[in-house]
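Trainee: Sharing my_file.txt below, compact mmCIF, C-alpha atoms:
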```txt
# COMPACT_ATOMS: atom_id res chain seq x y z
CA MET A 150 116.53 91.19 80.92
CA PRO A 151 116.89 87.74 82.53
CA THR A 152 114.98 85.00 80.77
CA PHE A 153 112.62 82.91 82.86
CA GLN A 154 113.56 79.29 82.20
CA SER A 155 113.95 77.40 85.48
CA TRP A 156 110.98 78.14 87.67
CA MET A 157 110.12 74.46 88.12
CA PRO A 158 112.09 71.25 88.57
CA VAL A 159 112.26 70.74 84.81
CA ALA A 160 113.21 73.78 82.72
CA LEU A 161 110.63 75.23 80.38
CA SER A 162 111.26 74.80 76.69
CA LEU A 163 111.56 77.95 74.60
CA ALA A 164 110.31 76.72 71.26
CA LEU A 165 109.97 78.49 67.93
CA GLY A 166 106.51 79.48 66.85
CA ALA A 167 104.52 81.95 64.81
CA CYS A 168 103.58 85.10 66.67
CA ALA A 169 99.81 85.49 66.67
CA ALA A 170 97.94 88.70 67.39
CA VAL A 171 95.54 88.85 70.30
CA GLU A 172 92.02 89.14 68.98
CA ALA A 173 88.97 90.34 70.87
CA ALA A 174 86.12 88.02 71.70
CA GLU A 175 83.08 88.21 69.45
CA PRO A 176 81.25 91.54 70.09
CA ALA A 177 77.83 90.01 70.60
CA ALA A 178 78.97 87.46 73.17
CA ASP A 179 78.43 87.83 76.89
CA LEU A 180 81.74 87.16 78.60
CA GLU A 181 80.01 85.80 81.66
CA THR A 182 78.50 82.95 79.63
CA HIS A 183 82.06 81.82 78.84
CA SER A 184 83.58 82.24 82.28
CA ALA A 185 84.56 78.57 82.42
CA ALA A 186 85.77 78.31 78.82
CA LEU A 187 89.36 77.12 78.33
CA HIS A 188 89.56 76.36 82.02
CA THR A 189 92.39 73.84 81.91
CA GLU A 190 92.70 71.04 84.44
CA ASN A 191 96.05 72.48 85.52
CA THR A 192 94.92 75.89 86.71
CA ASN A 193 92.34 77.10 89.20
CA LYS A 194 91.75 80.32 87.26
CA PRO A 195 89.37 80.68 84.29
CA THR A 196 90.34 82.54 81.14
CA MET A 197 87.15 84.55 80.56
CA GLY A 198 85.34 87.21 82.56
CA TYR A 199 88.18 89.60 83.53
CA TYR A 200 87.56 93.32 83.92
CA SER A 201 89.68 96.35 84.65
CA VAL A 202 87.91 98.74 87.01
CA LYS A 203 87.96 102.42 87.87
CA ARG A 204 85.90 104.39 90.32
CA ASP A 205 83.07 106.53 88.97
CA ALA A 206 83.99 110.12 89.87
CA ARG A 207 80.71 111.71 88.79
CA ARG A 208 78.86 113.70 91.43
CA CYS A 209 75.27 112.65 91.78
CA ALA A 210 73.17 110.50 94.08
CA SER A 211 74.04 106.82 94.43
CA PRO A 212 73.41 104.41 92.76
CA ASP A 213 73.17 106.67 89.68
CA CYS A 214 76.81 107.61 90.33
CA GLY A 215 79.61 106.58 92.62
CA GLY A 216 79.95 102.98 91.45
CA TYR A 217 82.51 101.62 89.01
CA TRP A 218 83.26 101.61 85.31
CA VAL A 219 84.24 98.10 84.26
CA THR A 220 86.05 97.29 81.00
CA PRO A 221 86.75 93.80 79.66
CA ILE A 222 90.51 93.52 79.16
CA ASN A 223 92.19 92.72 75.84
CA GLY A 224 89.69 94.75 73.86
CA ALA A 225 86.78 92.39 74.43
CA PHE A 226 83.13 93.39 74.41
CA MET A 227 80.34 92.65 76.86
CA ARG A 228 76.63 93.15 77.26
CA CYS A 229 75.81 95.77 79.90
CA ALA A 230 72.85 95.64 82.26
CA ASN A 231 70.96 97.96 79.89
CA ASN A 232 71.35 95.23 77.23
CA LYS A 233 73.78 97.29 75.14
CA VAL A 234 77.01 95.73 73.86
CA ALA A 235 79.97 97.93 74.77
CA LYS A 236 83.60 97.96 75.86
CA GLU A 237 82.73 99.75 79.10
CA CYS A 238 79.77 99.47 81.46
CA TYR A 239 78.71 101.26 84.61
CA VAL A 240 77.94 99.09 87.63
CA ALA A 241 76.49 100.45 90.84
CA ALA A 242 78.49 98.06 93.01
CA ILE A 243 80.99 95.22 93.03
CA ASP A 244 79.89 92.35 95.27
CA LEU A 245 82.62 90.20 96.79
CA THR A 246 82.39 87.31 99.21
CA SER A 247 85.44 88.62 101.14
CA ASP A 248 86.42 91.98 102.62
CA VAL A 249 88.82 92.77 99.78
CA THR A 250 88.73 96.38 98.59
CA VAL A 251 88.72 97.16 94.87
CA GLU A 252 90.92 100.02 93.69
CA ASN A 253 91.72 101.66 90.37
CA GLY A 254 94.10 99.48 88.40
CA ASP A 255 92.88 96.19 89.87
CA LEU A 256 91.51 93.37 87.75
CA VAL A 257 88.26 91.76 88.83
CA HIS A 258 86.92 88.39 87.74
CA GLY A 259 83.16 87.97 87.76
CA PHE A 260 79.95 88.53 85.84
CA GLN A 261 77.30 91.21 85.61
CA VAL A 262 73.77 90.88 86.91
CA LYS A 263 70.87 93.30 86.94
CA ARG A 264 69.69 94.29 90.40
CA ALA A 265 66.59 96.22 91.36
CA TYR A 266 66.95 99.29 93.58
CA PRO A 267 63.39 99.87 94.88
CA GLU A 268 64.27 103.22 96.44
CA ARG A 269 65.16 104.50 92.97
CA ALA A 270 62.44 102.54 91.16
CA ALA A 271 65.09 101.34 88.73
CA SER A 272 67.55 98.53 88.06
CA TYR A 273 71.32 98.81 87.76
CA GLY A 274 74.16 96.54 86.81
CA VAL A 275 76.14 94.94 89.62
CA LEU A 276 79.38 93.00 89.17
CA GLU A 277 79.36 89.80 91.19
CA ALA A 278 83.04 88.94 91.65
CA ASP A 279 84.86 85.93 93.06
CA PHE A 280 88.42 87.31 93.18
CA VAL A 281 90.45 90.48 92.65
CA LEU A 282 93.96 90.77 91.22
CA THR A 283 96.30 93.69 91.90
CA PRO A 284 99.46 94.63 89.94
CA VAL A 285 102.82 94.31 91.68
CA LEU A 286 104.33 97.23 89.75
CA ASP A 287 102.83 100.68 89.48
CA ASN A 288 103.68 101.34 85.85
CA SER A 289 101.85 102.87 82.92
CA ALA A 290 102.70 100.27 80.26
CA THR A 291 99.93 100.25 77.67
CA ALA A 292 101.48 98.18 74.87
CA GLY A 293 100.62 94.55 75.35
CA ALA A 294 97.89 92.24 76.55
CA HIS A 295 96.88 90.22 79.60
CA PHE A 296 97.57 86.50 79.63
CA LEU A 297 96.96 83.51 81.88
CA GLY A 298 100.08 81.38 82.18
CA TYR A 299 99.85 77.85 83.55
CA ASP A 300 101.87 74.69 83.93
CA THR A 301 100.60 72.03 81.53
CA GLY A 302 102.05 69.23 83.65
CA ILE A 303 103.94 67.88 80.61
CA ARG A 304 107.58 66.90 81.16
CA CYS A 305 110.00 65.93 78.41
CA ILE A 306 113.56 64.67 78.15
CA ARG A 307 114.24 66.78 75.08
CA THR A 308 113.24 70.23 73.98
CA PRO A 309 111.05 71.68 72.63
CA CYS A 310 108.58 70.60 75.29
CA PRO A 311 105.13 72.18 75.87
CA SER A 312 105.53 72.39 79.66
CA PHE A 313 103.89 75.77 79.83
CA GLY A 314 100.70 77.20 78.36
CA LEU A 315 99.46 80.71 77.64
CA THR A 316 95.96 81.98 76.98
CA ALA A 317 95.09 85.56 76.11
CA LEU A 318 92.38 86.46 78.64
CA ASN A 319 88.84 87.01 77.38
CA THR A 320 89.75 85.32 74.08
CA ARG A 321 90.07 81.78 72.77
CA GLN A 322 93.70 82.10 71.72
CA SER A 323 96.22 79.78 73.38
CA TRP A 324 99.85 78.79 72.90
CA THR A 325 102.19 76.15 74.30
CA ASP A 326 105.32 77.20 72.40
CA ARG A 327 106.25 80.44 74.15
CA GLY A 328 108.88 81.19 76.77
CA PHE A 329 109.15 84.07 79.23
CA ALA A 330 111.43 86.97 79.98
CA PHE A 331 110.93 89.71 82.52
CA ALA A 332 110.89 93.20 81.05
CA GLY A 333 110.90 95.56 83.99
CA ALA A 334 112.55 98.96 83.93
CA SER A 335 115.46 97.69 86.04
CA ALA A 336 117.05 94.53 87.43
CA GLU A 337 115.23 95.20 90.72
CA GLU A 338 111.88 95.25 88.94
CA ASP A 339 112.78 92.02 87.14
CA THR A 340 113.37 90.38 90.52
CA VAL A 341 110.03 91.64 91.82
CA LEU A 342 108.24 90.35 88.72
CA GLN A 343 109.86 86.93 88.93
CA GLU A 344 109.08 86.50 92.63
CA ALA A 345 105.46 87.53 92.06
CA PHE A 346 105.21 85.23 89.05
CA LEU A 347 106.35 82.24 91.09
CA LYS A 348 104.16 83.13 94.06
CA GLU A 349 100.99 83.30 92.00
CA LEU A 350 101.71 80.28 89.85
CA GLY A 351 102.78 77.96 92.65
CA GLU A 352 106.52 77.37 92.65
CA GLY A 353 107.56 73.75 92.15
CA SER A 354 104.02 72.62 91.45
CA SER A 355 103.18 70.53 88.39
CA ALA A 356 99.65 71.91 88.56
CA GLY A 357 100.09 75.52 89.59
CA GLY A 358 97.34 78.00 90.23
CA GLY A 359 97.81 80.00 87.06
CA VAL A 360 99.38 83.45 86.86
CA VAL A 361 97.96 86.56 85.19
CA ALA A 362 100.67 88.60 83.49
CA PHE A 363 100.79 91.63 81.21
CA GLY A 364 103.28 91.76 78.37
CA THR A 365 104.07 91.58 74.67
CA PHE A 366 105.42 88.87 72.41
CA ARG A 367 108.91 89.34 71.03
CA LEU A 368 111.67 87.41 69.25
CA ARG A 369 114.90 86.48 71.03
CA GLN A 370 117.89 85.14 69.17
CA ASN A 371 119.75 82.12 70.51
CA ALA A 372 123.45 82.98 70.64
CA ASN A 373 124.46 79.34 70.14
CA THR A 374 122.16 78.26 67.32
CA GLY A 375 121.35 81.59 65.70
CA GLY A 376 117.67 80.65 65.76
CA TYR A 377 114.86 82.69 67.26
CA THR A 378 112.53 82.02 70.15
CA ARG A 379 109.08 83.52 70.65
CA GLU A 380 108.70 84.69 74.23
CA LEU A 381 106.38 86.82 76.34
CA ALA A 382 108.18 89.84 77.72
CA VAL A 383 106.37 90.28 81.06
CA SER A 384 106.12 93.89 82.26
CA ASN A 385 103.65 93.28 85.10
CA VAL A 386 102.24 90.45 87.18
CA TYR A 387 98.95 90.39 89.08
CA LEU A 388 98.65 88.84 92.53
CA THR A 389 95.43 87.61 94.07
CA LYS A 390 94.27 90.23 96.53
CA GLU A 391 93.56 88.96 100.01
CA ALA A 392 91.45 90.48 102.76
CA PRO A 393 93.49 91.93 105.62
CA ALA A 394 93.96 89.42 108.43
CA ASP A 395 93.23 90.30 112.03
CA VAL A 396 96.22 90.58 114.33
CA CYS A 397 96.24 91.13 118.10
CA LEU A 398 99.01 93.26 119.58
CA VAL A 399 99.65 92.36 123.23
CA HIS A 400 101.70 94.79 125.33
CA THR A 401 103.01 93.82 128.76
CA GLU A 402 104.52 96.39 131.13
CA GLY A 403 104.93 95.19 134.70
CA THR A 404 101.61 93.63 135.73
CA ARG A 405 99.58 95.60 133.21
CA ILE A 406 98.56 93.94 129.97
CA THR A 407 96.96 95.88 127.12
CA ALA A 408 95.81 94.44 123.79
CA TRP A 409 94.68 96.03 120.55
CA ASN A 410 92.94 94.54 117.52
CA PHE A 411 94.21 95.54 114.08
CA THR A 412 93.33 94.55 110.54
CA ALA A 413 96.72 95.67 109.21
CA ARG A 414 99.99 94.21 110.51
CA ALA A 415 101.91 97.36 109.53
CA GLU A 416 99.73 99.51 111.79
CA ALA A 417 100.25 97.10 114.70
CA GLU A 418 104.02 97.17 114.17
CA GLN A 419 104.00 100.97 114.09
CA LEU A 420 102.30 101.14 117.49
CA ALA A 421 104.52 98.38 118.92
CA ALA A 422 107.67 100.34 118.01
CA ALA A 423 106.60 103.17 120.32
CA LEU A 424 105.71 100.98 123.31
CA PRO A 425 108.02 100.25 126.26
CA GLY A 426 108.07 96.78 127.76
CA GLU A 427 107.29 93.55 125.92
CA VAL A 428 105.10 93.19 122.85
CA GLU A 429 103.68 90.11 121.14
CA PHE A 430 101.76 89.65 117.89
CA ILE A 431 99.03 87.01 117.83
CA GLU A 432 97.13 86.05 114.68
CA GLY A 433 93.40 86.59 115.02
CA ARG A 434 91.23 88.68 117.31
CA CYS A 435 92.27 89.55 120.84
CA ALA A 436 89.10 87.93 122.15
CA ASP A 437 90.59 84.61 121.06
CA ALA A 438 94.03 85.28 122.54
CA MET A 439 93.03 84.06 126.05
CA ILE A 440 94.85 86.77 127.99
CA MET A 441 94.74 85.43 131.54
CA CYS A 442 93.78 88.25 133.86
CA ALA A 443 90.77 90.22 135.07
CA GLN A 444 89.59 92.14 132.03
CA VAL A 445 88.29 95.67 131.71
CA TYR A 446 87.30 96.69 128.17
CA LEU A 447 88.08 100.23 127.10
CA PRO A 448 86.99 102.03 123.90
CA VAL A 449 89.73 103.46 121.70
CA HIS A 450 88.73 106.84 120.32
CA GLY A 451 85.59 105.52 118.69
CA THR A 452 87.42 103.44 116.09
CA VAL A 453 86.04 100.23 114.65
CA ASP A 454 89.13 98.35 113.47
CA ALA A 455 91.10 98.73 116.70
CA PHE A 456 89.95 98.57 120.29
CA GLU A 457 91.84 98.33 123.52
CA GLN A 458 91.45 95.51 126.00
CA SER A 459 93.18 96.37 129.25
CA CYS A 460 93.60 94.26 132.36
CA VAL A 461 95.74 93.97 135.46
CA GLU A 462 96.88 90.61 136.79
CA GLU A 463 95.47 89.69 140.19
```
Just give me the structure as structure tokens.

Mentor:
Amino acid sequence: MPTFQSWMPVALSLALGACAAVEAAEPAADLETHSAALHTENTNKPTMGYYSVKRDARRCASPDCGGYWVTPINGAFMRCANNKVAKECYVAAIDLTSDVTVENGDLVHGFQVKRAYPERAASYGVLEADFVLTPVLDNSATAGAHFLGYDTGIRCIRTPCPSFGLTALNTRQSWTDRGFAFAGASAEEDTVLQEAFLKELGEGSSAGGGVVAFGTFRLRQNANTGGYTRELAVSNVYLTKEAPADVCLVHTEGTRITAWNFTARAEAEQLAAALPGEVEFIEGRCADAMIMCAQVYLPVHGTVDAFEQSCVEE
């Protein structure tokens, strides 16, 4: 697999080092109380408070069922809303400040709070989250751990040079002597992983945003020196999930102009491909597109995310 060595103006050093195991955080500790721990000045992502999530498939009345099961990654423990320390907790909801949807396999960063549900005369755990990460590859790799990689901002003339840092998420273990290689199932997957890695970190930045990657440590022999380098073999990368942006599709045929609002560009492009005449995509809602003609608003089959605005030029 290609080794990741030149993602920034100065190549990363691949230094020798002892390979340490990833240890879980102390069982009695609340991860949310450490959400800012090991937050380096060169990354905008913390190293604590990360959960894997899966939908609760039990069949009973909400909020008793139908929420999420959240698990701290890297084998860490947490205190659930019922005050029990466990590796998995049920939460009735995940609160986000954006319209991002949370799906099985995503990672969520946040902390648990207890919320009263008066209609049930009970309290339940709720995960208050500030961002969601989604994997770029749909694979089932289970051997490994999740890490935050970040640019330390250090530049050297000679190697080894600690230009890059690694922290095992939800732990206090960090390294600055590890390199990277991409360990996808094919060369195509390696390319996808590298592009995602650069996108999330901030290519060319001496203070990148920090990238969450999944992988395992391994030894790689240097063909020239015969020595060995410790590196993280990355088998998946997580991108920050963004809420779908509004896009206005404007269709012009003769003197008739019709516009639709979409929250998914792919859906707008699918409709545009079937339309005769001219089409235009405008970022934002159609109400802000300033289509200059007498306007008559028409409903579109009772949908919420798309509606038709139709008008004929005078």

Trainee: Could you work out how far CA of Ala235 in chain A lies from CA of Cys214 in chain A, giving the answer in Å with one decimal?

Mentor: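 Pair CA of Cys214 in chain A / CA of Ala235 in chain A returns 18.6 Å.
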
Trainee: Rounded to one decimal, what separation in Å do you get between CA of Phe280 in chain A and CA of Pro393 in chain A?

Mentor: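 CA of Phe280 in chain A sits 14.2 Å away from CA of Pro393 in chain A.
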
Trainee: Rounded to one decimal place, report the CA of Val360 in chain A-CA of Tyr199 in chain A distance in Å.

Mentor: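 Taking CA of Val360 in chain A as the start and CA of Tyr199 in chain A as the end point, the length is 13.2 Å.
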
Trainee: Which residues are close to Ala332 in chain A, i.e. within 10 Å by only C-alpha atoms, leaving aside same-chain residues fewer than 3 positions away? Reply as a PyMOL selection string.

Mentor: chain A and resi 150-152+329+335-336+338-339+342+364-365+381-385

Trainee: Which of these, A:Tyr273, A:Tyr299, A:Tyr217, A:Phe226, has the shortest distance to Lys194 in chain A once you count all atoms listed in the file?

Mentor: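 Selected residue with least distance to Lys194 in chain A: A:Tyr299.
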
Trainee: From the options A:Gly333, A:Asp326, A:Ile303, A:Val361, which residue's atoms come nearest to His258 in chain A, counting only C-alpha atoms?

Mentor: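 Result for the nearest residue to His258 in chain A: A:Val361.
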
Trainee: Measuring between all atoms listed in the file, which one of A:Cys305, A:Asp300, A:Tyr387, A:Asn319 shows the shortest distance to Gly359 in chain A?

Mentor: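 Among the listed residues, the smallest separation from Gly359 in chain A belongs to A:Asp300.
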
Trainee: List every protein, DNA or RNA residue that has an atom no more than 8 Å from (92.7, 89.9, 76.1) in the file's coordinate frame, counting only C-alpha atoms, and report them as a VMD selection string.

Mentor: chain A and resid 171 to 173 221 to 225 294 to 296 317 to 320

Trainee: Return the single residue from A:Ala372, A:Leu315, A:Val285, A:Ala210 that is closest to Gly298 in chain A, with distances computed using all atoms listed in the file.

Mentor: A:Leu315

Trainee: Between A:Glu416, A:Glu237, A:Asp213, A:Asp248, which has the minimum distance to Glu268 in chain A (counting only C-alpha atoms)?

Mentor: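 Using only C-alpha atoms, Glu268 in chain A sits closest to A:Asp213.
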
Trainee: Using only C-alpha atoms for the distances, tell me which of A:Gly375, A:Pro425, A:Gly302, A:Gly274 is nearest to Phe260 in chain A.

Mentor: A:Gly274

Trainee: Which polymer residues have any atom within 9 Å of an atom of Ala413 in chain A, counting all atoms listed in the file, with same-chain residues fewer than 3 positions away left out, as a ChimeraX atom specification?

Mentor: /A:393-396,416-418
